[in-house]
$ cat entry_37.txt   # compact mmCIF, C-alpha atoms
# COMPACT_ATOMS: atom_id res chain seq x y z
CA MET A 14 15.79 18.89 -0.04
CA PRO A 15 17.01 18.82 -3.64
CA PRO A 16 14.17 19.05 -6.13
CA LYS A 17 12.71 15.75 -7.25
CA THR A 18 13.93 15.02 -10.74
CA ALA A 19 12.16 13.02 -13.40
CA ASN A 20 15.37 11.12 -14.08
CA PRO A 21 17.26 10.32 -10.89
CA SER A 22 20.85 9.25 -11.28
CA ALA A 23 21.71 5.56 -11.43
CA ARG A 24 23.39 5.90 -8.03
CA GLN A 25 20.31 7.53 -6.48
CA THR A 26 18.09 4.76 -7.85
CA GLN A 27 20.51 2.09 -6.62
CA LEU A 28 20.67 3.59 -3.13
CA LEU A 29 16.91 4.06 -2.96
CA GLU A 30 16.37 0.39 -3.84
CA ALA A 31 18.92 -0.68 -1.22
CA ALA A 32 17.35 1.63 1.38
CA TYR A 33 13.92 0.25 0.47
CA ASP A 34 15.12 -3.32 1.05
CA TYR A 35 16.54 -2.17 4.39
CA ALA A 36 13.25 -0.46 5.33
CA LEU A 37 11.28 -3.59 4.42
CA ALA A 38 13.47 -5.60 6.78
CA HIS A 39 13.77 -3.05 9.61
CA GLY A 40 10.82 -0.67 9.31
CA LEU A 41 10.89 3.11 9.39
CA ALA A 42 10.13 3.89 13.05
CA ASP A 43 13.71 3.90 14.27
CA LEU A 44 15.37 4.64 10.94
CA SER A 45 18.73 6.27 11.49
CA LEU A 46 20.84 7.45 8.57
CA ARG A 47 24.19 6.23 9.88
CA PRO A 48 23.30 2.52 10.29
CA LEU A 49 21.29 2.65 7.07
CA ALA A 50 24.20 4.16 5.14
CA GLU A 51 26.59 1.53 6.50
CA ALA A 52 24.19 -1.29 5.65
CA ILE A 53 23.73 -0.15 2.05
CA GLY A 54 27.35 0.77 1.34
CA SER A 55 26.98 4.53 1.36
CA SER A 56 27.52 7.44 3.72
CA THR A 57 25.19 9.84 5.50
CA ARG A 58 26.74 12.65 3.44
CA VAL A 59 25.77 11.00 0.16
CA LEU A 60 22.25 10.22 1.40
CA MET A 61 21.83 13.83 2.53
CA PHE A 62 23.06 15.07 -0.85
CA LEU A 63 20.69 12.81 -2.79
CA PHE A 64 17.58 13.04 -0.57
CA GLY A 65 18.07 16.31 1.33
CA ASN A 66 17.54 14.93 4.83
CA LYS A 67 16.01 11.99 6.65
CA ASP A 68 12.47 13.21 5.97
CA GLY A 69 13.27 13.44 2.26
CA LEU A 70 14.55 9.88 2.28
CA VAL A 71 11.46 8.66 4.17
CA ARG A 72 9.22 10.38 1.62
CA ALA A 73 11.18 8.70 -1.21
CA LEU A 74 10.83 5.32 0.53
CA LEU A 75 7.08 5.79 0.97
CA GLU A 76 6.75 6.72 -2.69
CA ARG A 77 8.75 3.60 -3.59
CA ALA A 78 6.40 1.45 -1.45
CA ARG A 79 3.42 3.09 -3.12
CA THR A 80 4.84 2.04 -6.51
CA ASP A 81 4.60 -1.63 -5.45
CA GLU A 82 1.04 -1.11 -4.22
CA LEU A 83 -0.01 0.68 -7.41
CA ALA A 84 1.31 -2.17 -9.57
CA LEU A 85 -1.59 -4.35 -8.41
CA LEU A 86 -4.05 -1.52 -8.80
CA ASP A 87 -2.86 -0.87 -12.36
CA HIS A 88 -3.53 -4.53 -13.17
CA LEU A 89 -7.13 -4.14 -12.00
CA ARG A 90 -7.50 -0.86 -13.95
CA GLN A 91 -6.45 -2.49 -17.22
CA SER A 92 -9.42 -4.85 -17.45
CA ASP A 93 -11.50 -4.39 -20.61
CA ALA A 94 -14.74 -4.50 -18.63
CA PRO A 95 -15.40 -3.88 -14.93
CA VAL A 96 -14.72 -7.13 -13.07
CA GLY A 97 -17.14 -6.29 -10.27
CA LEU A 98 -16.42 -5.28 -6.71
CA ALA A 99 -16.35 -8.77 -5.22
CA SER A 100 -14.03 -10.15 -7.92
CA ALA A 101 -11.72 -7.16 -7.60
CA ALA A 102 -11.63 -7.53 -3.81
CA GLU A 103 -10.88 -11.23 -4.19
CA GLN A 104 -7.90 -10.46 -6.43
CA VAL A 105 -6.71 -7.77 -4.04
CA TRP A 106 -6.99 -10.11 -1.04
CA THR A 107 -5.04 -12.86 -2.82
CA TRP A 108 -2.28 -10.32 -3.44
CA LEU A 109 -2.39 -8.96 0.13
CA ALA A 110 -2.44 -12.38 1.80
CA ALA A 111 0.65 -13.69 0.00
CA GLU A 112 3.42 -14.42 2.50
CA GLU A 113 6.08 -12.67 0.40
CA ARG A 114 4.24 -9.35 0.69
CA ARG A 115 4.27 -9.20 4.51
CA PRO A 116 7.35 -6.93 4.70
CA LEU A 117 5.80 -4.44 2.27
CA LEU A 118 2.47 -4.53 4.09
CA ARG A 119 4.07 -4.06 7.51
CA LEU A 120 5.83 -1.00 6.06
CA TRP A 121 2.49 0.19 4.64
CA ALA A 122 0.74 -0.29 8.01
CA GLU A 123 3.51 1.58 9.82
CA ALA A 124 3.37 4.49 7.37
CA TYR A 125 -0.44 4.55 7.45
CA ALA A 126 -0.50 4.76 11.25
CA ARG A 127 2.32 7.31 11.41
CA SER A 128 0.54 9.56 8.91
CA LEU A 129 -2.45 9.63 11.27
CA VAL A 130 -0.49 10.50 14.41
CA GLU A 131 2.22 12.66 12.78
CA PRO A 132 0.30 14.49 10.05
CA ASP A 133 3.03 17.08 9.53
CA GLY A 134 5.93 14.65 9.19
CA PRO A 135 7.28 12.93 6.10
CA TRP A 136 4.25 10.63 6.27
CA ALA A 137 1.90 13.56 5.63
CA GLY A 138 -1.04 12.51 3.50
CA PHE A 139 0.05 8.88 3.13
CA ALA A 140 -3.10 7.36 4.69
CA ARG A 141 -5.43 9.64 2.73
CA SER A 142 -3.61 8.95 -0.56
CA THR A 143 -3.82 5.22 0.07
CA VAL A 144 -7.56 5.37 0.75
CA ASP A 145 -8.12 7.49 -2.36
CA ASP A 146 -6.00 5.16 -4.55
CA TRP A 147 -7.89 2.07 -3.46
CA LEU A 148 -11.36 3.65 -3.64
CA ASP A 149 -10.63 4.94 -7.16
CA VAL A 150 -9.60 1.50 -8.37
CA LEU A 151 -12.51 -0.25 -6.67
CA ALA A 152 -14.84 2.27 -8.35
CA LEU A 153 -13.41 1.40 -11.77
CA CYS A 154 -14.14 -2.27 -11.05
CA GLN A 155 -17.83 -1.54 -10.55
CA PRO A 156 -20.28 -1.41 -13.48
CA GLN A 157 -21.03 2.23 -14.39
CA PRO A 158 -24.55 2.43 -12.86
CA GLU A 159 -23.31 0.99 -9.55
CA ARG A 160 -20.16 3.13 -9.60
CA ASP A 161 -22.12 6.35 -9.93
CA SER A 162 -24.69 5.58 -7.24
CA GLY A 163 -24.51 6.48 -3.57
CA ASP A 164 -24.91 2.80 -2.75
CA GLY A 165 -21.94 2.01 -4.99
CA ALA A 166 -19.76 4.39 -2.98
CA THR A 167 -20.99 2.78 0.24
CA ARG A 168 -20.27 -0.73 -1.09
CA ARG A 169 -16.69 0.10 -2.13
CA THR A 170 -16.07 1.87 1.20
CA LEU A 171 -17.27 -1.22 3.05
CA THR A 172 -15.16 -3.46 0.82
CA LEU A 173 -12.06 -1.37 1.47
CA ALA A 174 -12.77 -1.36 5.22
CA VAL A 175 -13.05 -5.18 5.22
CA LEU A 176 -9.79 -5.57 3.26
CA ARG A 177 -7.89 -3.09 5.44
CA GLY A 178 -9.20 -4.60 8.69
CA ALA A 179 -8.41 -8.12 7.50
CA LEU A 180 -4.93 -7.02 6.49
CA LEU A 181 -4.23 -5.55 9.93
CA ASP A 182 -5.56 -8.74 11.56
CA LEU A 183 -3.36 -10.86 9.29
CA LEU A 184 -0.28 -8.79 10.08
CA ALA A 185 -1.02 -9.02 13.82
CA THR A 186 -1.72 -12.76 13.96
CA ASN A 187 -0.24 -14.30 10.81
CA ASP A 188 -3.37 -16.51 10.76
CA GLU A 189 -3.95 -16.43 7.00
CA THR A 190 -6.45 -19.32 6.99
CA ARG A 191 -8.84 -17.77 9.51
CA VAL A 192 -8.62 -14.26 8.06
CA SER A 193 -9.01 -15.42 4.46
CA LYS A 194 -12.14 -17.39 5.41
CA ALA A 195 -13.62 -14.24 6.91
CA VAL A 196 -12.78 -12.20 3.80
CA ARG A 197 -14.30 -14.85 1.52
CA ARG A 198 -17.45 -14.91 3.66
CA GLN A 199 -17.81 -11.13 3.38
CA LEU A 200 -17.22 -11.23 -0.38
CA GLU A 201 -19.88 -13.90 -0.75
CA LEU A 202 -22.33 -11.64 1.13
CA LEU A 203 -21.34 -8.83 -1.21
CA ARG A 204 -22.08 -11.02 -4.24
CA GLN A 205 -25.45 -12.08 -2.78
CA GLU A 206 -26.38 -8.50 -2.03
CA ARG A 207 -25.46 -7.48 -5.56
CA GLY A 208 -27.61 -10.30 -6.95
CA LYS A 209 -30.64 -8.95 -5.07
CA ALA A 210 -30.13 -5.39 -6.34
$ encode --input "entry_37.txt" --output "C-alpha cells"
Amino acid sequence: MPPKTANPSARQTQLLEAAYDYALAHGLADLSLRPLAEAIGSSTRVLMFLFGNKDGLVRALLERARTDELALLDHLRQSDAPVGLASAAEQVWTWLAAEERRPLLRLWAEAYARSLVEPDGPWAGFARSTVDDWLDVLALCQPQPERDSGDGATRRTLTLAVLRGALLDLLATNDETRVSKAVRRQLELLRQERGKA
C-alpha cells in the first residue's frame, strides 16, 4: 500500500468521500472493488494506485468513519468544565439516536464486529480504538476526583456499555422510543447514584 500522506490529492479525497458514501449505503461485508469503482466513477486500477489494495481502502474508509465519530467526541472535549457523565451520555445518545446517523452507525457496528472476528484483517484494532476513544472522552466529562477513582472508571465503563448495547438494540429494531426511554432511565439512575456519593 502506498504510504499514507498528510496531504492526499484532491482526487484521492474525492474518491474516498464517494467510496464512503457507497459504504454507508451498502456496507463493507461484500465490498468489491469493481462495482464500487463503477458506482463512484473510477476504476479498480485507480483505486489500487491510491489505496494499495482492498484492505487499504477499507482501512481508509474506517478512518473516515472514525472522523465522523470523533467530531461528536471533540465537541464534548471542548467544554470549559466537565459536564458530568450523565449529561455527556445524554448528549451522546441524542447524537446516536438521530435517524440520519443510522447508516454511519450500521457501518460502525459492522466494523466493530468484524474487528472482533477478523483481528488480523483491515479491521484490526477498530473495536479497541473505539472503546478507548469513548472511555477517554467520558473520563474528561467527569469531575477530576471522580475521573481518577476506581469507581469513576467503573461508572464510565457501565455508561459506555449501556450506550453501546442501546445502540445495537436500536439498529436491530429501529424502536427509538423504547430504547431511548431505557437509556434515559439508566442515566437517571446514574444521576441518583452520583447524588448519593
$ residues_around --input "entry_37.txt" --residues "Leu171 of chain A" --least-positions-apart "4" --cutoff "12 Å" --atoms "only C-alpha atoms" --output "number ranges by chain"
A: 98-99, 102, 144, 147-148, 151, 164-167, 175-178, 196, 199-200, 202-203
$ atom_distance --input "entry_37.txt" --atom1 "atom CA of Leu129 of chain A" --atom2 "atom CA of Leu183 of chain A"
20.6 Å
$ atom_distance --input "entry_37.txt" --atom1 "atom CA of Arg168 of chain A" --atom2 "atom CA of Thr190 of chain A"
24.5 Å
$ residues_around --input "entry_37.txt" --residues "Arg77 of chain A" --least-positions-apart "6" --cutoff "9 Å" --atoms "all atoms listed in the file" --output "count of residues only"
3
$ closest_residue --input "entry_37.txt" --among "A:Ala126, A:Leu60, A:Leu117, A:Leu180" --to "Arg141 of chain A" --atoms "all atoms listed in the file"
A:Ala126
$ atom_distance --input "entry_37.txt" --atom1 "atom CA of Thr57 of chain A" --atom2 "atom CA of Leu70 of chain A"
11.1 Å
$ residues_near_point --input "entry_37.txt" --point "(6.6, 2.2, -1.9)" --cutoff "12 Å" --atoms "all atoms listed in the file" --output "NGL selection string"
:A and (29-30 or 32-34 or 36-37 or 70-84 or 116-122 or 124-125 or 136 or 139 or 143)
$ closest_residue --input "entry_37.txt" --among "A:Pro156, A:Asp161, A:Gln27, A:Arg115" --to "Thr186 of chain A" --atoms "all atoms listed in the file"
A:Arg115
$ closest_residue --input "entry_37.txt" --among "A:Gly134, A:Ser22, A:Ala38, A:Ala52" --to "Lys67 of chain A" --atoms "all atoms listed in the file"
A:Gly134
$ residues_around --input "entry_37.txt" --residues "Gly97 of chain A" --least-positions-apart "6" --cutoff "10 Å" --atoms "all atoms listed in the file" --output "VMD selection string"
chain A and resid 151 to 156 159 to 160 204 207
